[in-house]
>>> print(open('coords35.csv').read())   # CSV, C-alpha atoms and all ligand atoms
chain,number,residue,atom,x,y,z
C,1,MET,CA,-9.3,-107.4,115.6
C,2,HIS,CA,-5.7,-108.3,114.6
C,3,ALA,CA,-4.7,-111.5,116.3
C,4,ASN,CA,-1.0,-111.5,115.3
C,5,ASN,CA,0.3,-108.2,116.5
C,6,THR,CA,3.8,-109.5,115.6
C,7,ALA,CA,2.9,-109.4,111.9
C,8,PRO,CA,4.9,-106.3,110.6
C,9,SER,CA,2.7,-103.8,108.9
C,10,ILE,CA,5.0,-103.3,106.0
C,11,HIS,CA,4.0,-106.7,104.7
C,12,PRO,CA,0.9,-106.9,102.5
C,13,GLU,CA,-2.3,-108.5,103.9
C,14,PRO,CA,-3.3,-111.8,102.2
C,15,GLN,CA,-6.6,-111.9,100.3
C,16,SER,CA,-7.5,-115.6,100.8
C,17,LEU,CA,-9.9,-116.4,103.7
C,18,PHE,CA,-7.6,-119.2,104.9
C,19,LEU,CA,-4.5,-117.0,105.2
C,20,ARG,CA,-6.5,-114.1,106.6
C,21,ALA,CA,-8.0,-116.3,109.3
C,22,CYS,CA,-4.5,-117.7,110.2
C,23,LEU,CA,-3.4,-114.1,110.8
C,24,GLY,CA,-6.5,-113.1,112.8
C,25,LEU,CA,-7.7,-110.7,110.1
C,26,GLU,CA,-11.4,-110.0,109.3
C,27,VAL,CA,-13.2,-112.6,107.1
C,28,ARG,CA,-16.7,-112.8,105.6
C,29,ARG,CA,-17.1,-116.4,106.6
C,30,THR,CA,-15.0,-119.1,108.3
C,31,PRO,CA,-12.5,-120.8,106.0
C,32,VAL,CA,-12.4,-124.6,105.9
C,33,TRP,CA,-10.0,-127.4,104.9
C,34,LEU,CA,-9.7,-130.9,106.3
C,35,MET,CA,-6.8,-133.0,107.4
C,36,ARG,CA,-6.5,-136.0,105.0
C,37,GLN,CA,-8.9,-134.2,102.6
C,38,ALA,CA,-7.2,-136.2,99.8
C,39,GLY,CA,-7.2,-139.9,100.5
C,40,ARG,CA,-8.8,-143.3,100.3
C,41,TYR,CA,-12.4,-142.1,101.0
C,42,LEU,CA,-12.3,-140.6,97.5
C,43,PRO,CA,-12.8,-143.2,94.6
C,44,GLU,CA,-10.8,-141.0,92.3
C,45,TYR,CA,-7.9,-141.1,94.7
C,46,ARG,CA,-8.0,-144.9,94.8
C,47,GLU,CA,-7.9,-144.9,91.0
C,48,VAL,CA,-4.8,-142.8,90.9
C,49,ARG,CA,-3.1,-144.8,93.6
C,50,LYS,CA,-3.7,-147.9,91.5
C,51,LEU,CA,-2.0,-146.1,88.5
C,52,ALA,CA,1.0,-145.3,90.7
C,53,GLY,CA,1.2,-148.9,92.1
C,54,ASP,CA,1.4,-148.1,95.8
C,55,PHE,CA,1.2,-145.2,98.2
C,56,LEU,CA,4.9,-144.4,98.4
C,57,SER,CA,5.2,-144.4,94.5
C,58,LEU,CA,2.3,-142.1,94.4
C,59,CYS,CA,4.1,-139.7,96.8
C,60,LYS,CA,7.2,-139.9,94.6
C,61,ASN,CA,5.4,-139.1,91.4
C,62,PRO,CA,5.0,-135.3,91.2
C,63,GLU,CA,2.4,-135.4,88.4
C,64,LEU,CA,0.2,-137.9,90.2
C,65,ALA,CA,0.8,-136.3,93.7
C,66,ALA,CA,-0.4,-133.0,92.2
C,67,ARG,CA,-3.4,-134.7,90.7
C,68,VAL,CA,-4.6,-136.1,94.1
C,69,THR,CA,-3.8,-132.9,95.9
C,70,LEU,CA,-6.3,-131.1,93.6
C,71,GLN,CA,-9.0,-133.9,93.7
C,72,PRO,CA,-10.8,-132.7,96.9
C,73,LEU,CA,-10.9,-129.1,95.6
C,74,GLN,CA,-12.6,-130.2,92.4
C,75,ARG,CA,-15.4,-131.8,94.5
C,76,PHE,CA,-15.7,-129.5,97.5
C,77,GLU,CA,-15.6,-125.7,98.1
C,78,LEU,CA,-12.4,-125.9,100.2
C,79,ASP,CA,-10.4,-122.8,101.1
C,80,ALA,CA,-6.9,-124.4,100.9
C,81,ALA,CA,-5.1,-127.3,99.3
C,82,ILE,CA,-2.6,-129.4,101.3
C,83,LEU,CA,0.4,-130.9,99.6
C,84,PHE,CA,-0.1,-134.6,99.0
C,85,SER,CA,2.7,-136.5,100.6
C,86,ASP,CA,3.5,-138.2,103.9
C,87,ILE,CA,5.4,-137.2,107.1
C,88,LEU,CA,7.5,-140.3,106.8
C,89,VAL,CA,9.3,-139.2,103.6
C,90,ILE,CA,11.8,-137.5,105.8
C,91,PRO,CA,13.1,-140.6,107.6
C,92,GLU,CA,13.2,-142.4,104.2
C,93,ALA,CA,15.2,-139.5,102.7
C,94,MET,CA,17.6,-139.9,105.7
C,95,GLY,CA,18.3,-143.4,104.6
C,96,MET,CA,15.8,-145.6,106.5
C,97,GLU,CA,14.1,-148.3,104.4
C,98,LEU,CA,10.3,-147.7,104.5
C,99,HIS,CA,7.3,-149.8,103.4
C,100,PHE,CA,3.6,-149.1,103.5
C,101,LEU,CA,1.9,-152.4,104.0
C,102,GLU,CA,-1.6,-152.7,102.6
C,103,GLY,CA,-4.0,-152.2,105.6
C,104,GLU,CA,-1.2,-152.2,108.2
C,105,GLY,CA,0.4,-148.8,107.7
C,106,PRO,CA,4.0,-147.8,107.7
C,107,HIS,CA,6.9,-150.2,108.5
C,108,PHE,CA,10.6,-149.5,109.1
C,109,PRO,CA,12.3,-152.9,109.0
C,110,LYS,CA,15.5,-151.5,110.6
C,111,PRO,CA,14.4,-149.1,113.4
C,112,LEU,CA,16.7,-147.0,115.5
C,113,ARG,CA,17.5,-148.1,119.0
C,114,ARG,CA,20.9,-146.8,120.1
C,115,MET,CA,23.4,-144.0,119.5
C,116,ALA,CA,25.4,-146.0,117.0
C,117,ASP,CA,22.2,-146.4,114.8
C,118,LEU,CA,22.4,-142.6,114.1
C,119,ASP,CA,25.5,-143.2,112.0
C,120,ARG,CA,23.1,-144.8,109.4
C,121,LEU,CA,21.2,-141.5,109.0
C,122,VAL,CA,22.2,-138.9,106.3
C,123,PRO,CA,21.3,-135.3,106.6
C,124,PRO,CA,18.9,-135.0,103.6
C,125,ASP,CA,19.3,-132.2,101.0
C,126,PRO,CA,15.7,-131.4,100.2
C,127,ARG,CA,16.6,-130.5,96.6
C,128,ASN,CA,18.2,-133.9,96.2
C,129,GLN,CA,16.5,-136.7,98.2
C,130,LEU,CA,13.2,-134.9,98.5
C,131,GLY,CA,13.3,-133.2,95.0
C,132,TYR,CA,10.1,-135.1,94.1
C,133,VAL,CA,8.1,-133.2,96.8
C,134,LEU,CA,9.5,-129.9,95.6
C,135,ALA,CA,8.6,-130.8,92.0
C,136,ALA,CA,5.1,-131.7,93.1
C,137,ILE,CA,4.7,-128.3,94.8
C,138,ARG,CA,5.8,-126.6,91.6
C,139,THR,CA,3.2,-128.5,89.6
C,140,ILE,CA,0.4,-128.0,92.1
C,141,ARG,CA,1.1,-124.2,92.2
C,142,GLN,CA,0.8,-124.1,88.4
C,143,GLN,CA,-2.5,-126.0,88.5
C,144,LEU,CA,-4.2,-124.4,91.5
C,145,PRO,CA,-6.7,-121.7,90.9
C,146,ALA,CA,-5.2,-118.2,91.5
C,147,GLY,CA,-5.6,-117.2,95.1
C,148,MET,CA,-6.0,-120.7,96.4
C,149,PRO,CA,-3.4,-121.2,99.2
C,150,LEU,CA,-1.2,-124.3,99.4
C,151,ILE,CA,-0.3,-125.7,102.8
C,152,GLY,CA,3.0,-127.5,103.2
C,153,PHE,CA,3.8,-129.7,106.1
C,154,SER,CA,6.1,-131.9,108.0
C,155,GLY,CA,5.9,-134.3,110.9
C,156,SER,CA,7.2,-132.9,114.2
C,157,PRO,CA,10.6,-134.4,115.3
C,158,TRP,CA,9.0,-136.2,118.2
C,159,THR,CA,6.3,-137.8,116.0
C,160,LEU,CA,8.8,-138.8,113.4
C,161,ALA,CA,11.0,-140.3,116.1
C,162,THR,CA,8.2,-142.5,117.4
C,163,TYR,CA,8.0,-144.2,114.0
C,164,MET,CA,11.8,-144.3,113.5
C,165,ILE,CA,12.2,-146.0,116.9
C,166,GLU,CA,9.1,-148.1,117.2
C,167,GLY,CA,9.4,-149.3,113.5
C,168,GLY,CA,5.8,-148.3,112.7
C,169,SER,CA,2.6,-147.3,114.3
C,170,SER,CA,2.3,-148.1,118.0
C,171,LYS,CA,-0.3,-148.4,120.7
C,172,LYS,CA,1.9,-148.2,123.8
C,173,PHE,CA,5.1,-146.5,122.6
C,174,SER,CA,7.0,-148.6,125.1
C,175,LEU,CA,10.3,-148.5,123.1
C,176,ILE,CA,10.5,-144.8,122.7
C,177,LYS,CA,9.4,-144.2,126.2
C,178,THR,CA,12.0,-146.6,127.6
C,179,LEU,CA,14.6,-144.7,125.7
C,180,LEU,CA,13.2,-141.4,126.8
C,181,TYR,CA,13.8,-142.3,130.5
C,182,ASN,CA,16.9,-144.6,130.0
C,183,ASP,CA,18.8,-142.9,127.2
C,184,PRO,CA,17.6,-139.4,126.8
C,185,GLU,CA,20.9,-138.4,125.2
C,186,PHE,CA,20.2,-140.7,122.3
C,187,LEU,CA,16.7,-139.4,121.8
C,188,GLU,CA,17.9,-135.8,121.9
C,189,ALA,CA,20.6,-136.6,119.4
C,190,LEU,CA,18.0,-138.0,117.1
C,191,LEU,CA,15.7,-135.0,117.6
C,192,ASP,CA,18.5,-132.6,116.9
C,193,ARG,CA,19.1,-134.2,113.5
C,194,LEU,CA,15.4,-134.1,112.8
C,195,VAL,CA,15.2,-130.4,113.7
C,196,VAL,CA,17.9,-129.7,111.1
C,197,ALA,CA,16.3,-131.9,108.4
C,198,VAL,CA,12.8,-130.5,108.9
C,199,THR,CA,13.9,-126.9,109.0
C,200,HIS,CA,15.7,-127.3,105.6
C,201,TYR,CA,12.8,-129.3,104.2
C,202,LEU,CA,10.1,-126.7,105.2
C,203,ASN,CA,12.2,-123.8,104.0
C,204,ALA,CA,12.6,-125.6,100.6
C,205,GLN,CA,8.8,-126.1,100.5
C,206,ILE,CA,8.4,-122.3,101.2
C,207,ASP,CA,10.9,-121.5,98.4
C,208,HIS,CA,8.8,-123.6,96.0
C,209,GLY,CA,5.5,-121.9,96.8
C,210,VAL,CA,3.7,-123.2,99.9
C,211,GLN,CA,2.0,-120.3,101.7
C,212,ALA,CA,1.5,-121.9,105.1
C,213,VAL,CA,3.1,-124.7,107.0
C,214,GLN,CA,1.6,-127.3,109.4
C,215,LEU,CA,3.6,-129.3,111.9
C,216,PHE,CA,1.8,-132.6,112.5
C,217,ASP,CA,2.6,-133.7,116.1
C,218,THR,CA,0.2,-136.6,116.2
C,219,TRP,CA,1.9,-138.2,119.2
C,220,GLY,CA,2.7,-135.2,121.4
C,221,GLY,CA,-0.3,-136.1,123.6
C,222,ILE,CA,1.4,-139.3,124.9
C,223,LEU,CA,3.8,-137.2,126.9
C,224,GLY,CA,3.5,-135.6,130.3
C,225,PRO,CA,3.9,-131.8,130.6
C,226,ASP,CA,7.6,-131.7,131.2
C,227,GLU,CA,8.4,-134.4,128.6
C,228,TYR,CA,6.1,-132.7,126.1
C,229,LYS,CA,8.0,-129.4,126.6
C,230,ARG,CA,11.5,-131.0,126.3
C,231,PHE,CA,11.0,-133.6,123.6
C,232,SER,CA,8.1,-132.3,121.5
C,233,LEU,CA,7.7,-128.6,121.8
C,234,GLU,CA,11.3,-127.5,122.1
C,235,PRO,CA,12.3,-129.1,118.8
C,236,MET,CA,9.3,-127.6,117.1
C,237,ALA,CA,10.1,-124.2,118.5
C,238,ARG,CA,13.7,-124.5,117.1
C,239,ILE,CA,12.3,-125.3,113.7
C,240,ILE,CA,9.9,-122.4,113.8
C,241,ALA,CA,12.7,-120.1,114.7
C,242,GLY,CA,14.6,-121.2,111.6
C,243,LEU,CA,11.8,-120.8,109.1
C,244,LYS,CA,11.4,-118.1,106.5
C,245,ARG,CA,8.3,-116.2,107.6
C,246,HIS,CA,7.4,-114.4,104.4
C,247,GLY,CA,6.8,-115.6,100.9
C,248,SER,CA,8.2,-114.0,97.7
C,249,ASP,CA,5.1,-111.8,97.6
C,250,GLY,CA,5.9,-110.5,101.1
C,251,VAL,CA,2.9,-112.1,102.7
C,252,ARG,CA,3.5,-113.8,106.1
C,253,ILE,CA,3.7,-117.6,106.1
C,254,PRO,CA,1.6,-118.8,109.0
C,255,ILE,CA,2.9,-121.8,111.0
C,256,ILE,CA,0.2,-124.2,112.4
C,257,VAL,CA,1.2,-126.5,115.2
C,258,PHE,CA,-1.1,-129.5,115.6
C,259,SER,CA,-0.2,-131.4,118.7
C,260,LYS,CA,-3.0,-134.0,119.1
C,261,GLY,CA,-4.2,-134.6,122.6
C,262,CYS,CA,-2.4,-131.5,124.0
C,263,GLY,CA,-5.3,-129.2,125.0
C,264,GLY,CA,-3.8,-129.1,128.4
C,265,TYR,CA,-0.6,-127.6,127.1
C,266,LEU,CA,-1.9,-124.7,125.1
C,267,GLU,CA,0.3,-122.0,126.7
C,268,THR,CA,3.4,-124.1,126.1
C,269,ILE,CA,2.3,-124.6,122.4
C,270,ALA,CA,1.7,-120.8,122.1
C,271,SER,CA,5.3,-120.1,123.2
C,272,SER,CA,6.6,-122.0,120.2
C,273,GLY,CA,6.3,-119.0,117.9
C,274,CYS,CA,3.4,-120.5,115.9
C,275,ASP,CA,0.6,-118.4,114.4
C,276,VAL,CA,-2.1,-121.0,114.7
C,277,ILE,CA,-2.8,-123.9,117.1
C,278,GLY,CA,-4.6,-126.9,115.7
C,279,LEU,CA,-7.0,-128.5,118.3
C,280,ASP,CA,-8.6,-131.9,118.5
C,281,TRP,CA,-12.2,-132.3,119.7
C,282,THR,CA,-11.3,-132.8,123.4
C,283,MET,CA,-10.7,-129.1,123.9
C,284,ALA,CA,-13.5,-126.5,123.4
C,285,LEU,CA,-12.5,-123.6,121.1
C,286,ASP,CA,-13.9,-120.9,123.5
C,287,GLN,CA,-11.9,-122.3,126.4
C,288,ALA,CA,-8.8,-122.3,124.3
C,289,ARG,CA,-9.5,-118.7,123.2
C,290,ARG,CA,-10.0,-117.6,126.9
C,291,GLN,CA,-6.6,-119.1,127.8
C,292,LEU,CA,-4.7,-117.7,124.8
C,293,GLY,CA,-6.5,-114.5,124.0
C,294,PRO,CA,-6.7,-113.2,120.4
C,295,ARG,CA,-3.0,-113.3,119.6
C,296,ILE,CA,-3.1,-116.9,118.2
C,297,ALA,CA,-5.6,-118.3,115.7
C,298,LEU,CA,-7.3,-121.7,116.3
C,299,GLN,CA,-7.9,-124.5,113.8
C,300,GLY,CA,-10.3,-127.3,114.3
C,301,ASN,CA,-12.0,-129.1,115.9
C,302,LEU,CA,-14.9,-131.3,114.9
C,303,ASP,CA,-14.6,-134.9,115.9
C,304,PRO,CA,-14.1,-136.7,112.6
C,305,ALA,CA,-16.5,-139.4,113.8
C,306,VAL,CA,-19.4,-136.9,113.5
C,307,LEU,CA,-19.1,-137.6,109.8
C,308,TYR,CA,-20.6,-141.0,110.4
C,309,ALA,CA,-23.8,-139.3,111.7
C,310,THR,CA,-26.8,-138.2,109.6
C,311,PRO,CA,-26.6,-135.0,107.5
C,312,GLU,CA,-28.9,-133.2,110.1
C,313,ARG,CA,-26.6,-134.2,112.9
C,314,ILE,CA,-23.5,-133.1,111.0
C,315,ARG,CA,-25.0,-129.7,110.4
C,316,LEU,CA,-26.0,-129.4,114.1
C,317,GLU,CA,-22.4,-130.2,115.2
C,318,VAL,CA,-20.9,-127.8,112.7
C,319,ARG,CA,-23.2,-125.1,114.1
C,320,ARG,CA,-22.0,-125.9,117.6
C,321,VAL,CA,-18.4,-125.6,116.7
C,322,LEU,CA,-19.0,-122.3,114.8
C,323,GLU,CA,-21.1,-120.8,117.6
C,324,THR,CA,-18.4,-121.4,120.2
C,325,LEU,CA,-16.4,-118.6,118.7
C,326,GLY,CA,-19.4,-116.7,117.1
C,327,ARG,CA,-18.1,-113.7,115.1
C,328,GLN,CA,-14.6,-113.7,116.5
C,329,ASN,CA,-11.8,-113.7,114.0
C,330,GLY,CA,-8.9,-116.2,113.9
C,331,HIS,CA,-10.7,-119.5,113.3
C,332,ILE,CA,-10.1,-122.0,110.6
C,333,PHE,CA,-12.6,-124.8,110.5
C,334,ASN,CA,-11.2,-128.3,110.4
C,335,LEU,CA,-11.6,-131.7,111.9
C,336,GLY,CA,-9.8,-132.6,115.1
C,337,HIS,CA,-7.9,-135.3,113.1
C,338,GLY,CA,-8.0,-136.7,109.6
C,339,VAL,CA,-10.9,-137.9,107.4
C,340,GLU,CA,-11.4,-141.6,107.9
C,341,PRO,CA,-10.6,-143.8,104.9
C,342,ASN,CA,-14.1,-145.4,104.9
C,343,MET,CA,-16.0,-142.0,105.0
C,344,ASP,CA,-18.8,-141.3,102.6
C,345,PRO,CA,-17.7,-138.3,100.4
C,346,ASP,CA,-21.3,-137.0,100.5
C,347,LYS,CA,-20.9,-136.5,104.3
C,348,VAL,CA,-17.8,-134.4,103.7
C,349,GLN,CA,-19.8,-132.4,101.2
C,350,THR,CA,-22.5,-131.8,103.8
C,351,LEU,CA,-19.9,-130.6,106.3
C,352,ILE,CA,-18.3,-128.1,104.0
C,353,GLN,CA,-21.6,-126.7,102.8
C,354,ALA,CA,-22.7,-126.3,106.4
C,355,VAL,CA,-19.5,-124.4,107.3
C,356,HIS,CA,-20.2,-122.0,104.3
C,357,GLU,CA,-23.9,-121.4,105.1
C,358,ILE,CA,-23.7,-121.3,108.9
C,359,SER,CA,-20.6,-119.2,109.3
C,360,GLY,CA,-21.7,-116.8,106.5
C,361,ALA,CA,-25.1,-116.3,108.3
C,362,LEU,CA,-23.3,-115.8,111.7
C,363,ARG,CA,-21.3,-112.9,110.3
C,364,ALA,CA,-24.1,-111.4,108.2
P,1,LIG,O1,-3.9,-134.3,104.8
P,1,LIG,C1,-3.7,-134.6,103.5
P,1,LIG,O2,-4.6,-134.7,102.7
P,1,LIG,C2,-2.3,-134.6,103.0
P,1,LIG,C3,-1.7,-135.9,102.9
P,1,LIG,C4,-1.2,-136.6,104.2
P,1,LIG,C5,-1.1,-138.0,104.3
P,1,LIG,N1,-0.5,-138.3,105.5
P,1,LIG,C6,-1.5,-138.9,103.3
P,1,LIG,C7,-1.6,-140.3,103.6
P,1,LIG,C8,-0.7,-136.0,105.4
P,1,LIG,C9,-0.6,-134.6,105.9
P,1,LIG,C10,-0.2,-137.1,106.2
P,1,LIG,C11,0.4,-137.0,107.5
P,1,LIG,C12,0.7,-138.2,108.3
P,1,LIG,N2,1.2,-139.4,107.9
P,1,LIG,C13,0.6,-138.2,109.7
P,1,LIG,C14,0.2,-137.1,110.6
P,1,LIG,C15,-1.3,-136.9,110.6
P,1,LIG,C16,-2.1,-138.0,111.2
P,1,LIG,O3,-2.8,-138.6,110.4
P,1,LIG,O4,-2.0,-138.2,112.4
P,1,LIG,C17,1.0,-139.5,110.1
P,1,LIG,C18,1.1,-140.0,111.5
P,1,LIG,C19,1.4,-140.2,108.9
P,1,LIG,C20,1.9,-141.6,108.9
P,1,LIG,C21,1.1,-142.5,108.1
P,1,LIG,N3,0.9,-142.4,106.8
P,1,LIG,C22,0.3,-143.6,108.6
P,1,LIG,C23,0.2,-144.0,110.1
P,1,LIG,C24,-0.4,-144.1,107.5
P,1,LIG,C25,-1.2,-145.4,107.5
P,1,LIG,C26,-2.6,-145.1,108.1
P,1,LIG,C27,-3.5,-145.1,106.9
P,1,LIG,O5,-4.4,-144.3,106.9
P,1,LIG,O6,-3.4,-146.0,106.1
P,1,LIG,C28,0.0,-143.4,106.4
P,1,LIG,C29,-0.5,-143.6,105.0
P,1,LIG,C30,-1.2,-142.4,104.3
P,1,LIG,N4,-0.8,-141.1,104.4
P,1,LIG,C31,-2.3,-142.5,103.5
P,1,LIG,C32,-2.6,-141.2,103.0
P,1,LIG,C33,-3.7,-140.8,102.0
P,1,LIG,C34,-3.1,-143.8,103.2
P,1,LIG,C35,-2.3,-144.5,102.1
P,1,LIG,C36,-3.1,-145.3,101.2
P,1,LIG,O7,-3.4,-146.4,101.5
P,1,LIG,O8,-3.4,-144.8,100.1
>>> encode(input="coords35.csv", output="structure tokens", more="lines below")
Ligand code: CP3
Amino acid sequence: MHANNTAPSIHPEPQSLFLRACLGLEVRRTPVWLMRQAGRYLPEYREVRKLAGDFLSLCKNPELAARVTLQPLQRFELDAAILFSDILVIPEAMGMELHFLEGEGPHFPKPLRRMADLDRLVPPDPRNQLGYVLAAIRTIRQQLPAGMPLIGFSGSPWTLATYMIEGGSSKKFSLIKTLLYNDPEFLEALLDRLVVAVTHYLNAQIDHGVQAVQLFDTWGGILGPDEYKRFSLEPMARIIAGLKRHGSDGVRIPIIVFSKGCGGYLETIASSGCDVIGLDWTMALDQARRQLGPRIALQGNLDPAVLYATPERIRLEVRRVLETLGRQNGHIFNLGHGVEPNMDPDKVQTLIQAVHEISGALRA
């Protein structure tokens, strides 16, 4: 089965399990990577963060960012690396002061609230303000084992806008929702700027060697269907339309859209031009496949909280996820959201081994 019949046949097929699964090609077992696979749950990560001083300094140090990108691959049999960075480096590169407060998450002391605030934003040149990310990608590519794919990423314009307007993490999103209904022109003007910034940023990541791209739309799910389409999906679709779709080796660069909490909007997401849809655990993979058919690959979707359970229960839940698609192609195993900072790394090991064993046996 070939899920992406849009992939032109003149382009070579990738070899790696991850890229093959993204394109719906035959694989011998299901590939696996985890959102937040590098992070505080790893003691070796906490060591390097201490060396860097704080989280943002770690992101801005290409050598150290490369080191933590590779850490989970040295421990676990993962099928892809994800660039170590953060989605909020874009607003920072556009001129917004950003702090990560220990235990409290991100904070923008001067959030955006009205049209005039947009005058403070500069359109970032990725080679300039975000040069440290591109340097990290170059270093990671040099250090990654041959054939190991590197995933680049960005926040979606909508998700970035929630932080830029709310000033940090939010529970109710009342400020951005007020603006959405009272001043949609302002919100759209901000989203337009983010579309341009993210498109340039991701194309620069592709030029520097990432082989797949994920759009993190963590907060798409707070929107109703019409608002999701207009304020979250549309900007992502415009980005996707502007991305280079083949690397220097001619292999297609798959685009993954992860809109958390959006299992009800799958057909809308599929219309974005993406190759892969990331699912959280509230939507069954087989139901998604029935809705979408084989043209789009699926990524996910184990509840990260399963990793708090016993090893036996973790293996059982991994089996349940894998058996929902059986031997069908076009599945990348992942969690439905990131690894929690207090997770026991041995549980992650159990999960990854289970994916290898069970999916290999399912296809034998
Ligand atoms: O997945 C990976 O391993 C790659 C690295 C990565 C990070 N953040 C590292 C990080 C990626 C892809 C992100 C994306 C990101 N960042 C998202 C989208 C995905 C999601 O989790 O929903 C969002 C919303 C952010 C914004 C952000 N960054 C928040 C809200 C926080 C604080 C929450 C927390 O866990 O502390 C961060 C900090 C952050 N980003 C950390 C890491 C490893 C923790 C920083 C630390 O204390 O070392």
>>> closest_residue(input="coords35.csv", among="C:Ala66, C:Leu302, C:Val122, C:Leu351", to="ligand LIG 1 (chain P)", atoms="all atoms listed in the file")
C:Ala66
>>> closest_residue(input="coords35.csv", among="C:Arg114, C:Val348, C:Arg252, C:Gly264", to="C:Asn182", atoms="all atoms listed in the file")
C:Arg114
>>> residues_near_ligand(input="coords35.csv", ligand="ligand LIG 1 (chain P)", cutoff="6 Å", atoms="all atoms listed in the file", output="ChimeraX atom specification")
/C:35-40,55,82-87,105-106,169,216,218,338
>>> closest_residue(input="coords35.csv", among="C:Ser232, C:Asn342, C:Gly336, C:Ile239", to="C:Gly278", atoms="all atoms listed in the file")
C:Gly336
>>> atom_distance(input="coords35.csv", atom1="atom CA of C:Gln74", atom2="atom CA of C:Gly24")
27.3 Å
>>> residues_around(input="coords35.csv", residues="C:Gln129", least_positions_apart="4", cutoff="10 Å", atoms="all atoms listed in the file", output="list in words")
Val89, Ile90, Glu92, Ala93, Met94, Gly95, Pro123, Pro124, Asp125 and Val133 of chain C
>>> closest_residue(input="coords35.csv", among="C:Val32, C:Glu185, C:Ser170, C:Leu191", to="C:Glu104", atoms="all atoms listed in the file")
C:Ser170
>>> atom_distance(input="coords35.csv", atom1="atom CA of C:Leu88", atom2="atom CA of C:Tyr201")
12.5 Å
>>> atom_distance(input="coords35.csv", atom1="atom CA of C:His337", atom2="atom CA of C:Asn301")
7.9 Å
>>> residues_near_point(input="coords35.csv", point="(6.7, -132.0, 111.6)", cutoff="6 Å", atoms="all atoms listed in the file", output="PyMOL selection string")
chain C and resi 154-157+215-216
>>> closest_residue(input="coords35.csv", among="C:Leu150, C:Val68, C:Met343, C:Leu118", to="C:Met164", atoms="only C-alpha atoms")
C:Leu118
>>> residues_around(input="coords35.csv", residues="C:Cys262", least_positions_apart="3", cutoff="6 Å", atoms="only C-alpha atoms", output="list of chain:residue names")
C:Gly221, C:Ser259, C:Tyr265
>>> residues_around(input="coords35.csv", residues="C:Asn203", least_positions_apart="2", cutoff="12 Å", atoms="all atoms listed in the file", output="JSON, numbers by chain")
{"C": [125, 126, 127, 134, 152, 153, 154, 196, 197, 198, 199, 200, 201, 205, 206, 207, 208, 209, 210, 211, 212, 213, 239, 240, 241, 242, 243, 244, 245, 246, 247, 253, 255]}
>>> closest_residue(input="coords35.csv", among="C:Leu292, C:Leu17, C:Met96, C:Arg75", to="C:Leu42", atoms="all atoms listed in the file")
C:Arg75
>>> residues_around(input="coords35.csv", residues="C:Val276", least_positions_apart="3", cutoff="6 Å", atoms="only C-alpha atoms", output="PyMOL selection string")
chain C and resi 256+296-298
>>> residues_near_point(input="coords35.csv", point="(-13.1, -111.9, 118.3)", cutoff="10 Å", atoms="only C-alpha atoms", output="PyMOL selection string")
chain C and resi 1-3+24-26+289+293-294+325-331
